[in-house]
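Asks: Okay, so here is protein03.txt, and as you'll see once you scroll down, it has compact mmCIF, C-alpha atoms.
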```
# COMPACT_ATOMS: atom_id res chain seq x y z
CA MET A 1 71.97 70.55 -25.37
CA ILE A 2 73.41 67.06 -24.89
CA THR A 3 71.66 64.42 -26.97
CA ARG A 4 71.79 60.64 -26.75
CA PRO A 5 74.41 60.37 -29.56
CA HIS A 6 76.57 62.90 -27.70
CA LEU A 7 76.30 60.85 -24.48
CA ILE A 8 77.25 57.67 -26.33
CA GLY A 9 80.20 59.45 -27.92
CA MET A 10 81.37 60.73 -24.53
CA ALA A 11 81.03 57.24 -23.01
CA VAL A 12 83.10 55.74 -25.81
CA GLY A 13 85.69 58.47 -25.33
CA LEU A 14 85.89 57.69 -21.62
CA LEU A 15 86.40 53.99 -22.36
CA PHE A 16 89.32 54.79 -24.65
CA ALA A 17 90.77 57.20 -22.11
CA ALA A 18 90.55 54.44 -19.49
CA GLY A 19 92.73 52.18 -21.63
CA ALA A 20 90.17 50.09 -23.51
CA ARG A 21 91.15 49.17 -27.05
CA ALA A 22 88.89 49.52 -30.04
CA GLN A 23 88.40 46.27 -31.91
CA TYR A 24 88.72 48.19 -35.20
CA ILE A 25 90.42 51.46 -36.01
CA TYR A 26 91.20 53.35 -39.20
CA ASP A 27 94.78 54.28 -40.06
CA PRO A 28 95.33 57.10 -40.48
CA PRO A 29 92.67 58.28 -38.06
CA PRO A 30 90.71 61.36 -39.20
CA GLY A 31 93.16 64.26 -39.08
CA GLY A 32 95.95 61.96 -37.83
CA GLN A 33 99.25 60.60 -39.10
CA THR A 34 99.78 57.42 -41.12
CA THR A 35 101.56 54.56 -39.34
CA VAL A 36 104.66 53.45 -41.26
CA CYS A 37 106.69 50.26 -40.95
CA ASN A 38 109.20 48.77 -43.39
CA GLY A 39 108.76 51.84 -45.60
CA MET A 40 105.03 51.24 -46.15
CA HIS A 41 101.64 52.09 -44.68
CA CYS A 42 100.94 49.73 -41.74
CA CYS A 43 98.46 49.18 -38.97
CA PRO A 44 99.68 50.22 -35.52
CA SER A 45 101.51 47.67 -33.38
CA GLY A 46 99.20 44.87 -32.24
CA TYR A 47 96.74 45.32 -35.12
CA THR A 48 96.28 43.46 -38.44
CA MET A 49 94.66 44.69 -41.64
CA ALA A 50 90.94 43.94 -41.91
CA GLY A 51 90.06 46.27 -44.81
CA ILE A 52 91.43 48.87 -47.18
CA HIS A 53 90.35 51.90 -49.18
CA VAL A 54 93.07 51.87 -51.85
CA GLY A 55 92.15 55.24 -53.37
CA ASP A 56 92.24 57.08 -50.03
CA ASN A 57 95.17 55.04 -48.62
CA VAL A 58 93.22 54.19 -45.46
CA LEU A 59 93.49 50.86 -43.63
CA ARG A 60 90.91 49.25 -41.38
CA CYS A 61 92.88 47.59 -38.60
CA ARG A 62 91.66 44.89 -36.20
CA PHE A 63 93.19 44.48 -32.75
CA ALA A 64 95.00 41.14 -32.65
CA GLY A 65 97.25 41.63 -29.62
CA GLY A 66 100.23 39.46 -28.80
CA MET A 67 101.76 39.59 -32.29
CA ASN A 68 105.52 39.21 -32.37
CA ILE A 69 106.65 42.02 -34.66
CA ASN A 70 110.16 40.50 -34.75
CA GLN A 71 108.76 37.53 -36.71
CA CYS A 72 107.23 39.66 -39.48
CA TYR A 73 108.60 39.55 -43.01
CA LEU A 74 108.26 41.37 -46.35
CA ASP A 75 106.39 39.56 -49.12
CA GLY A 76 106.47 40.73 -52.74
CA PRO A 77 108.02 40.29 -56.17
CA SER A 78 111.19 42.20 -55.17
CA GLN A 79 111.68 40.13 -51.97
CA PRO A 80 113.07 36.65 -51.23
CA THR A 81 109.50 35.60 -50.42
CA TYR A 82 106.70 36.22 -52.93
CA THR A 83 103.62 34.19 -52.05
CA VAL A 84 100.92 33.63 -54.66
CA GLN A 85 98.16 31.24 -53.67
CA THR A 86 95.02 30.02 -55.38
CA VAL A 87 92.07 30.81 -53.13
CA ASN A 88 88.59 29.78 -54.30
CA GLY A 89 90.01 29.28 -57.80
CA THR A 90 91.71 32.70 -58.04
CA ALA A 91 95.49 33.27 -58.02
CA VAL A 92 96.25 36.13 -55.64
CA HIS A 93 99.22 37.63 -53.76
CA THR A 94 98.97 36.58 -50.11
CA CYS A 95 101.05 36.32 -46.99
CA ALA A 96 102.30 32.82 -46.26
CA ASN A 97 99.98 30.48 -44.37
CA SER A 98 99.68 31.40 -40.66
CA TYR A 99 100.55 35.05 -41.42
CA ALA A 100 98.29 38.09 -41.86
CA MET A 101 98.77 41.44 -43.56
CA VAL A 102 99.88 44.29 -41.31
CA GLY A 103 101.06 46.70 -44.02
CA ILE A 104 100.91 47.33 -47.75
CA ASN A 105 102.67 49.30 -50.47
CA VAL A 106 100.14 49.04 -53.32
CA SER A 107 102.39 50.41 -56.09
CA ALA A 108 105.23 47.98 -55.24
CA ASN A 109 102.86 45.02 -54.58
CA LEU A 110 104.64 44.62 -51.24
CA PHE A 111 103.20 43.44 -47.90
CA THR A 112 104.40 43.33 -44.32
CA CYS A 113 103.20 39.96 -43.00
CA CYS A 114 103.14 38.98 -39.32
CA PRO A 115 102.33 35.71 -37.54
CA TYR A 116 98.62 35.03 -37.18
CA THR A 117 97.06 31.65 -36.62
CA GLU A 118 94.52 31.16 -39.36
CA ASN A 119 92.80 28.05 -40.56
CA VAL A 120 90.45 29.05 -43.38
CA ARG A 121 91.01 31.54 -46.22
CA PHE A 122 88.35 32.78 -48.62
CA ILE A 123 87.85 35.50 -51.25
CA ASP A 124 85.60 38.44 -50.41
CA VAL A 125 84.34 40.58 -53.28
CA SER A 126 81.79 42.96 -51.79
CA SER A 127 81.75 43.36 -47.98
CA SER A 128 81.81 46.99 -46.88
CA ASP A 129 81.57 49.06 -43.72
CA GLY A 130 79.99 51.85 -45.77
CA TYR A 131 83.37 53.39 -46.58
CA MET A 132 85.80 50.67 -47.63
CA HIS A 133 86.14 47.03 -48.67
CA ILE A 134 86.49 44.93 -45.52
CA CYS A 135 86.87 41.36 -44.36
CA PRO A 136 83.49 40.62 -42.77
CA THR A 137 82.44 39.17 -39.43
CA LEU A 138 81.00 35.74 -40.17
CA ASN A 139 78.31 33.80 -38.34
CA ILE A 140 79.33 30.14 -38.52
CA ASN A 141 76.95 27.78 -36.76
CA GLY A 142 75.94 30.54 -34.36
CA ALA A 143 79.51 31.58 -33.53
CA LEU A 144 80.80 34.97 -34.71
CA ARG A 145 84.19 34.78 -36.41
CA GLU A 146 86.25 37.92 -36.92
CA THR A 147 88.34 37.93 -40.08
CA VAL A 148 91.55 39.66 -41.14
CA MET A 149 93.35 40.16 -44.45
CA GLY A 150 95.77 37.55 -45.68
CA GLY A 151 96.13 38.97 -49.20
CA ILE A 152 94.69 41.22 -51.88
CA HIS A 153 94.28 41.43 -55.64
CA VAL A 154 94.05 45.21 -56.11
CA GLY A 155 93.28 45.05 -59.84
CA ARG A 156 90.23 42.82 -59.29
CA ASN A 157 89.19 44.37 -55.94
CA LEU A 158 89.44 41.02 -54.16
CA LEU A 159 90.42 40.55 -50.53
CA VAL A 160 91.73 37.28 -49.17
CA CYS A 161 90.20 37.05 -45.71
CA GLU A 162 91.00 34.48 -43.06
CA TYR A 163 89.55 33.31 -39.77
CA LEU A 164 90.07 30.76 -37.03
CA PHE A 165 87.91 27.69 -37.42
```
Take the structure in the file and write it out as structure tokens.
Replies:
Amino acid sequence: MITRPHLIGMAVGLLFAAGARAQYIYDPPPGGQTTVCNGMHCCPSGYTMAGIHVGDNVLRCRFAGGMNINQCYLDGPSQPTYTVQTVNGTAVHTCANSYAMVGINVSANLFTCCPYTENVRFIDVSSSDGYMHICPTLNINGALRETVMGGIHVGRNLLVCEYLF
């Protein structure tokens, strides 16, 4: 028997088969392989981090399209660039301004950062999709703003989220 949820699932599957891109995906997908870049867990090409489940090593990735992977850089204490910014009064490891997180090595405190035009950064302490800590969709004066990760403080469970203003 085919139920309404099954029909919706099949329709979504057909959209993906036809080449549509999901706005958000998990990496690794259930039963799938982890995407790796620069020796760390990364979102697939064209996606930026929008959430993380540190314990399960799963990333929530948002389609950003048009990112120039050749302009990405490594940011961390063992690298030439180690960016620490104060966001809403809290010092936190971030990518440089106008860059977003694409990958992370939690144990090395190392990020892969790629160009992303952002204007406003803020700290998120509790947004969830029911599974992991995420950067939320915001409603600002009636306009929905998608957000991506610009940094993280793993020890305090804080995400630095950013959006276009």
Asks: Interatomic distance between atom CA of Pro44 of chain A and atom CA of Thr83 of chain A?
Replies: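 That distance, rounded to one decimal, is 23.4 Å.
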Asks: Between A:Met67, A:Met40, A:Leu74, A:Cys95, which has the minimum distance to Gly150 of chain A (counting only C-alpha atoms)?
Replies: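 Under the stated criterion, the closest residue is A:Cys95.
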Asks: Take atom CA of Gly51 of chain A and atom CA of His133 of chain A and report the distance between them in Å, one decimal.
Replies: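 The value is 5.6 Å.
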Asks: Would you compute the distance between atom CA of Leu110 of chain A and atom CA of His93 of chain A? Give it in Å to one decimal.
Replies: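 Interatomic distance, atom CA of Leu110 of chain A to atom CA of His93 of chain A: 9.2 Å.
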Asks: Pick out the closest residue to Leu59 of chain A from this set: A:Pro80, A:Pro29, A:Gly39, A:Pro115. Count only C-alpha atoms.
Replies: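 Counting only C-alpha atoms, the residue closest to Leu59 of chain A is A:Pro29.
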Asks: Identify which of the residues A:Ile69, A:Ala50, A:Ile152, A:Ile104 lies closest to Ile134 of chain A, counting only C-alpha atoms when measuring atom-to-atom distances.
Replies: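 The answer is A:Ala50, which sits nearest to Ile134 of chain A.
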Asks: Near Pro136 of chain A, counting all atoms listed in the file, which residues have an atom at most 12 Å away, once you skip same-chain residues fewer than 4 positions from it, shown as a compact mmCIF listing (two decimals) with C-alpha atoms, in the coordinates of the input?
Replies:
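Listed below is the output, around-v4.txt:
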```
# COMPACT_ATOMS: atom_id res chain seq x y z
CA TYR A 24 88.72 48.19 -35.20
CA MET A 49 94.66 44.69 -41.64
CA ALA A 50 90.94 43.94 -41.91
CA GLY A 51 90.06 46.27 -44.81
CA ARG A 60 90.91 49.25 -41.38
CA ARG A 62 91.66 44.89 -36.20
CA PHE A 122 88.35 32.78 -48.62
CA ILE A 123 87.85 35.50 -51.25
CA ASP A 124 85.60 38.44 -50.41
CA VAL A 125 84.34 40.58 -53.28
CA SER A 126 81.79 42.96 -51.79
CA SER A 127 81.75 43.36 -47.98
CA SER A 128 81.81 46.99 -46.88
CA ASP A 129 81.57 49.06 -43.72
CA MET A 132 85.80 50.67 -47.63
CA LEU A 144 80.80 34.97 -34.71
CA ARG A 145 84.19 34.78 -36.41
CA GLU A 146 86.25 37.92 -36.92
CA THR A 147 88.34 37.93 -40.08
CA VAL A 148 91.55 39.66 -41.14
CA MET A 149 93.35 40.16 -44.45
CA LEU A 159 90.42 40.55 -50.53
CA VAL A 160 91.73 37.28 -49.17
CA CYS A 161 90.20 37.05 -45.71
CA GLU A 162 91.00 34.48 -43.06
CA TYR A 163 89.55 33.31 -39.77
```
Asks: Compare A:Cys114, A:Val106, A:Leu138, A:Ile52 by their minimum atom-to-atom distance to Gly65 of chain A, counting all atoms listed in the file, and give me the closest one.
Replies: A:Cys114
Asks: Considering all atoms listed in the file, state which residue in the set A:Asn139, A:Asn105, A:Ser98, A:Asn88 is at the smallest distance from Gln71 of chain A.
Replies: A:Ser98
Asks: Taking only C-alpha atoms into account, name the residue in A:Gly89, A:Gly155, A:Gly76, A:Gly31 that is nearest to Val58 of chain A.
Replies: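 Residue with the minimum atom-to-atom distance to Val58 of chain A: A:Gly31.
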Asks: Just want the 8 Å neighbourhood of Val84 of chain A, counted on all atoms listed in the file, with same-chain residues fewer than 4 positions away dropped. Output as a ChimeraX atom specification.
Replies: /A:91-94
Asks: Around all listed atoms of segment 48-57 of chain A, padded 5 Å per side, what centre and edge lengths does the axis-aligned box have in Å to one decimal, as AutoDock Vina command-line options?
Replies:
```
--center_x 93.2 --center_y 50.3 --center_z -45.9 --size_x 16.2 --size_y 23.6 --size_z 24.9
```
